[in-house]
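This is target_15.pdb. It holds PDB, C-alpha atoms, pLDDT in the B column.
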```pdb
MODEL        1
ATOM      1  CA  MET G   1      47.499  18.841  14.265  1.00 46.00           C
ATOM      2  CA  ARG G   2      48.537  17.816  17.748  1.00 57.00           C
ATOM      3  CA  GLY G   3      46.473  18.249  20.850  1.00 61.00           C
ATOM      4  CA  ARG G   4      42.742  18.520  21.000  1.00 67.00           C
ATOM      5  CA  ARG G   5      41.028  18.958  17.666  1.00 66.00           C
ATOM      6  CA  PRO G   6      38.191  21.451  17.433  1.00 64.00           C
ATOM      7  CA  LYS G   7      34.678  20.061  17.132  1.00 72.00           C
ATOM      8  CA  GLU G   8      33.267  19.490  13.682  1.00 79.00           C
ATOM      9  CA  ARG G   9      31.432  22.538  12.374  1.00 80.00           C
ATOM     10  CA  LYS G  10      29.234  23.248   9.404  1.00 81.00           C
ATOM     11  CA  CYS G  11      31.325  26.230   8.378  1.00 84.00           C
ATOM     12  CA  TYR G  12      34.933  27.280   9.098  1.00 83.00           C
ATOM     13  CA  VAL G  13      35.863  30.944   8.859  1.00 83.00           C
ATOM     14  CA  LEU G  14      39.042  32.967   9.320  1.00 81.00           C
ATOM     15  CA  ARG G  15      39.235  36.683   9.992  1.00 80.00           C
ATOM     16  CA  THR G  16      41.735  38.591   7.863  1.00 78.00           C
ATOM     17  CA  SER G  17      43.866  41.476   9.125  1.00 77.00           C
ATOM     18  CA  GLU G  18      41.403  43.912   7.509  1.00 82.00           C
ATOM     19  CA  GLY G  19      38.567  42.370   9.532  1.00 80.00           C
ATOM     20  CA  THR G  20      36.782  40.576   6.719  1.00 85.00           C
ATOM     21  CA  VAL G  21      35.576  37.036   7.276  1.00 85.00           C
ATOM     22  CA  VAL G  22      36.588  34.324   4.786  1.00 84.00           C
ATOM     23  CA  GLU G  23      35.046  30.868   4.624  1.00 85.00           C
ATOM     24  CA  VAL G  24      37.643  28.073   4.347  1.00 84.00           C
ATOM     25  CA  THR G  25      37.843  24.289   4.453  1.00 84.00           C
ATOM     26  CA  ARG G  26      38.480  22.422   7.697  1.00 84.00           C
ATOM     27  CA  GLU G  27      42.042  21.514   6.591  1.00 83.00           C
ATOM     28  CA  VAL G  28      42.925  25.160   5.889  1.00 82.00           C
ATOM     29  CA  TYR G  29      41.382  26.207   9.206  1.00 81.00           C
ATOM     30  CA  LEU G  30      43.354  23.634  11.196  1.00 81.00           C
ATOM     31  CA  GLU G  31      46.626  24.414   9.367  1.00 82.00           C
ATOM     32  CA  TRP G  32      46.188  28.161   9.926  1.00 80.00           C
ATOM     33  CA  TYR G  33      45.709  27.742  13.677  1.00 79.00           C
ATOM     34  CA  GLN G  34      48.581  25.272  13.874  1.00 81.00           C
ATOM     35  CA  SER G  35      50.888  27.779  12.155  1.00 82.00           C
ATOM     36  CA  ARG G  36      49.804  30.489  14.608  1.00 81.00           C
ATOM     37  CA  ARG G  37      50.646  28.203  17.545  1.00 82.00           C
ATOM     38  CA  ARG G  38      54.017  27.388  15.952  1.00 81.00           C
ATOM     39  CA  GLU G  39      54.738  31.103  15.513  1.00 83.00           C
ATOM     40  CA  ARG G  40      53.835  31.827  19.157  1.00 83.00           C
ATOM     41  CA  TYR G  41      56.110  28.977  20.275  1.00 82.00           C
ATOM     42  CA  GLN G  42      59.012  30.313  18.213  1.00 78.00           C
ATOM     43  CA  ASN G  43      58.532  33.825  19.645  1.00 77.00           C
ATOM     44  CA  GLU G  44      58.470  32.470  23.200  1.00 79.00           C
ATOM     45  CA  ARG G  45      61.595  30.438  22.463  1.00 74.00           C
ATOM     46  CA  LYS G  46      63.373  33.516  21.118  1.00 71.00           C
ATOM     47  CA  GLN G  47      62.501  35.474  24.252  1.00 70.00           C
ATOM     48  CA  LYS G  48      63.439  32.684  26.645  1.00 70.00           C
ATOM     49  CA  TYR G  49      66.743  31.651  25.055  1.00 65.00           C
ATOM     50  CA  SER G  50      67.688  34.959  23.409  1.00 58.00           C
ATOM     51  CA  VAL G  51      67.728  33.370  19.967  1.00 50.00           C
ATOM     52  CA  SER G  52      67.499  36.230  17.548  1.00 50.00           C
ATOM     53  CA  SER G  53      68.486  37.522  14.164  1.00 55.00           C
ATOM     54  CA  LEU G  54      71.508  39.648  13.274  1.00 55.00           C
ATOM     55  CA  GLU G  55      69.184  42.655  12.950  1.00 58.00           C
ATOM     56  CA  ALA G  56      67.908  42.146  16.504  1.00 58.00           C
ATOM     57  CA  LEU G  57      71.458  41.781  17.833  1.00 55.00           C
ATOM     58  CA  SER G  58      72.423  44.968  16.015  1.00 59.00           C
ATOM     59  CA  GLU G  59      69.469  46.793  17.574  1.00 60.00           C
ATOM     60  CA  LYS G  60      70.629  45.644  21.029  1.00 57.00           C
ATOM     61  CA  GLY G  61      74.089  47.074  20.292  1.00 58.00           C
ATOM     62  CA  MET G  62      75.798  43.684  20.289  1.00 54.00           C
ATOM     63  CA  ILE G  63      76.913  44.080  16.662  1.00 54.00           C
ATOM     64  CA  PRO G  64      78.305  47.378  15.429  1.00 52.00           C
ATOM     65  CA  GLU G  65      76.228  49.252  12.846  1.00 53.00           C
ATOM     66  CA  GLY G  66      77.296  48.741   9.253  1.00 52.00           C
ATOM     67  CA  LEU G  67      79.171  45.530   9.973  1.00 49.00           C
ATOM     68  CA  ALA G  68      78.888  44.351   6.366  1.00 50.00           C
ATOM     69  CA  ASP G  69      80.019  47.739   5.017  1.00 55.00           C
ATOM     70  CA  ASN G  70      83.309  47.766   6.920  1.00 63.00           C
ATOM     71  CA  PRO G  71      85.913  45.374   5.395  1.00 69.00           C
ATOM     72  CA  GLU G  72      87.809  44.955   8.676  1.00 71.00           C
ATOM     73  CA  ASP G  73      84.664  43.894  10.512  1.00 69.00           C
ATOM     74  CA  THR G  74      83.765  41.501   7.710  1.00 73.00           C
ATOM     75  CA  VAL G  75      87.178  39.837   7.995  1.00 77.00           C
ATOM     76  CA  ILE G  76      86.877  39.614  11.789  1.00 74.00           C
ATOM     77  CA  ARG G  77      83.421  38.086  11.474  1.00 75.00           C
ATOM     78  CA  LYS G  78      84.682  35.484   8.982  1.00 79.00           C
ATOM     79  CA  LEU G  79      87.529  34.576  11.337  1.00 79.00           C
ATOM     80  CA  CYS G  80      85.057  34.181  14.188  1.00 77.00           C
ATOM     81  CA  VAL G  81      82.876  31.921  12.042  1.00 77.00           C
ATOM     82  CA  GLU G  82      85.904  29.796  11.123  1.00 81.00           C
ATOM     83  CA  LYS G  83      86.864  29.474  14.790  1.00 81.00           C
ATOM     84  CA  LEU G  84      83.287  28.547  15.686  1.00 78.00           C
ATOM     85  CA  GLN G  85      83.303  25.844  13.003  1.00 80.00           C
ATOM     86  CA  ALA G  86      86.593  24.501  14.363  1.00 83.00           C
ATOM     87  CA  VAL G  87      85.203  24.387  17.916  1.00 83.00           C
ATOM     88  CA  MET G  88      81.985  22.718  16.717  1.00 82.00           C
ATOM     89  CA  GLU G  89      84.040  20.021  14.962  1.00 84.00           C
ATOM     90  CA  GLU G  90      85.539  19.145  18.363  1.00 86.00           C
ATOM     91  CA  LEU G  91      82.057  18.362  19.731  1.00 86.00           C
ATOM     92  CA  ALA G  92      80.808  14.811  19.951  1.00 88.00           C
ATOM     93  CA  GLU G  93      78.801  13.779  16.905  1.00 88.00           C
ATOM     94  CA  ALA G  94      75.573  13.471  18.907  1.00 88.00           C
ATOM     95  CA  ASP G  95      76.040  16.956  20.406  1.00 89.00           C
ATOM     96  CA  ALA G  96      76.747  18.526  17.016  1.00 86.00           C
ATOM     97  CA  TYR G  97      73.683  16.794  15.566  1.00 87.00           C
ATOM     98  CA  LEU G  98      71.505  18.115  18.395  1.00 89.00           C
ATOM     99  CA  LEU G  99      72.694  21.693  17.819  1.00 85.00           C
ATOM    100  CA  TYR G 100      72.092  21.254  14.099  1.00 85.00           C
ATOM    101  CA  LEU G 101      68.527  20.115  14.739  1.00 86.00           C
ATOM    102  CA  LEU G 102      67.670  22.814  17.266  1.00 86.00           C
ATOM    103  CA  PHE G 103      69.314  25.849  15.700  1.00 81.00           C
ATOM    104  CA  PHE G 104      69.643  25.194  11.983  1.00 80.00           C
ATOM    105  CA  GLU G 105      66.652  22.967  11.251  1.00 82.00           C
ATOM    106  CA  GLU G 106      64.564  24.800  13.922  1.00 81.00           C
ATOM    107  CA  VAL G 107      63.202  21.546  15.283  1.00 85.00           C
ATOM    108  CA  THR G 108      61.309  21.897  18.562  1.00 88.00           C
ATOM    109  CA  VAL G 109      62.657  20.327  21.740  1.00 90.00           C
ATOM    110  CA  LYS G 110      59.784  17.836  21.712  1.00 91.00           C
ATOM    111  CA  GLU G 111      60.505  16.792  18.111  1.00 90.00           C
ATOM    112  CA  ALA G 112      64.227  16.519  18.862  1.00 90.00           C
ATOM    113  CA  ALA G 113      63.433  14.290  21.833  1.00 91.00           C
ATOM    114  CA  GLN G 114      61.393  12.003  19.600  1.00 91.00           C
ATOM    115  CA  LEU G 115      64.172  11.874  16.987  1.00 88.00           C
ATOM    116  CA  CYS G 116      66.826  11.110  19.610  1.00 87.00           C
ATOM    117  CA  GLY G 117      64.636   8.695  21.550  1.00 90.00           C
ATOM    118  CA  CYS G 118      64.829  10.482  24.909  1.00 91.00           C
ATOM    119  CA  SER G 119      62.799  12.902  27.040  1.00 93.00           C
ATOM    120  CA  ARG G 120      62.379  16.645  26.493  1.00 92.00           C
ATOM    121  CA  LYS G 121      64.160  17.345  29.786  1.00 94.00           C
ATOM    122  CA  THR G 122      67.171  15.354  28.568  1.00 94.00           C
ATOM    123  CA  ILE G 123      67.291  17.433  25.377  1.00 92.00           C
ATOM    124  CA  THR G 124      67.000  20.666  27.381  1.00 93.00           C
ATOM    125  CA  ASN G 125      69.795  19.623  29.733  1.00 94.00           C
ATOM    126  CA  ARG G 126      72.020  18.517  26.834  1.00 93.00           C
ATOM    127  CA  ARG G 127      71.427  21.815  25.011  1.00 92.00           C
ATOM    128  CA  LYS G 128      72.392  23.834  28.102  1.00 93.00           C
ATOM    129  CA  ARG G 129      75.507  21.719  28.648  1.00 93.00           C
ATOM    130  CA  ILE G 130      76.594  21.932  24.999  1.00 90.00           C
ATOM    131  CA  LEU G 131      76.074  25.700  24.788  1.00 88.00           C
ATOM    132  CA  LYS G 132      77.973  26.220  28.033  1.00 89.00           C
ATOM    133  CA  GLU G 133      80.827  24.065  26.721  1.00 88.00           C
ATOM    134  CA  LEU G 134      80.869  25.986  23.408  1.00 85.00           C
ATOM    135  CA  ASN G 135      80.890  29.300  25.245  1.00 85.00           C
ATOM    136  CA  GLU G 136      83.845  28.237  27.404  1.00 86.00           C
ATOM    137  CA  LYS G 137      85.817  26.980  24.387  1.00 84.00           C
ATOM    138  CA  LEU G 138      85.140  30.189  22.463  1.00 81.00           C
ATOM    139  CA  LYS G 139      86.219  32.324  25.429  1.00 83.00           C
ATOM    140  CA  ALA G 140      89.395  30.248  25.713  1.00 84.00           C
ATOM    141  CA  ILE G 141      90.373  31.108  22.129  1.00 80.00           C
ATOM    142  CA  GLY G 142      89.482  34.779  22.584  1.00 76.00           C
ATOM    143  CA  ILE G 143      86.004  35.116  21.109  1.00 72.00           C
ATOM    144  CA  ARG G 144      83.549  37.125  23.161  1.00 67.00           C
ATOM    145  CA  GLY G 145      79.783  37.328  22.734  1.00 59.00           C
ATOM    146  CA  GLY G 146      78.563  39.647  19.992  1.00 50.00           C
ATOM    147  CA  CYS G 147      81.132  38.530  17.442  1.00 50.00           C
ATOM    148  CA  PHE G 148      78.395  36.941  15.411  1.00 46.00           C
TER     149      PHE G 148
ENDMDL
END
```
Starting from the file, give its structure as structure tokens.
Amino acid sequence: MRGRRPKERKCYVLRTSEGTVVEVTREVYLEWYQSRRRERYQNERKQKYSVSSLEALSEKGMIPEGLADNPEDTVIRKLCVEKLQAVMEELAEADAYLLYLLFFEEVTVKEAAQLCGCSRKTITNRRKRILKELNEKLKAIGIRGGCF
């Protein structure tokens, strides 16, 4: 667990959703709080960078309802995915690896910075630059937002 560790206690307890108190070991206690922090971080990241699921995009009206049910839309989506893969293959290897880490492996910016041997700000700037470049390339070949 990163950051400041809680003081040693005689007894560690967690409160369940029903309100009951359960006694646990220190390791379970620390892991539970770490997972809560990780979940909060992921939610903040989703809000800040608009990273969301297909269901959330559908709720926002960016993906038509019943996309999977309509064969034409399924074909269009597959074509968009193929074009995205082609555009991603044009990226530099380091840029593609960074996107893979951040969006597919769900590595945090801090962890990515450690893996790449640079600062968090560098990773943030690279991510913005890469996404902007991808967006421009996709627009150039006729793919608008909401295709995915």
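Counting all atoms listed in the file, the residue from G:Leu138, G:Ile130, G:Thr108, G:Gln114 that sits nearest to Glu44 (chain G) is G:Thr108.
The smallest atom-to-atom distance between Ala86 (chain G) and any of G:Lys137, G:Arg9, G:Arg26, G:Arg37, using only C-alpha atoms, is found for G:Lys137.
Coordinates place CA of Gln47 (chain G) at a distance of 15.0 Å from CA of Glu106 (chain G).
Considering the residues G:Cys11, G:Val21, G:Ile143, G:Val109 and counting only C-alpha atoms, Leu79 (chain G) has its shortest atom-to-atom contact with G:Ile143.
Among the candidates G:Leu102, G:Leu30, G:Ala140, G:Cys116, the one nearest to Lys83 (chain G) when counting all atoms listed in the file is G:Ala140.
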> Which polymer residues have any atom within 12 Å of an atom of Glu23 (chain G), counting only C-alpha atoms, with same-chain residues fewer than 5 positions away left out, as JSON, numbers by chain?
Replying inline: {"G": [9, 10, 11, 12, 13, 14, 15, 16, 28, 29]}
>> Here is a test: counting all atoms listed in the file, which residue of G:Asp95, G:Glu39, G:Glu27, G:Glu90 is nearest to Arg129 (chain G)?
In response: G:Asp95
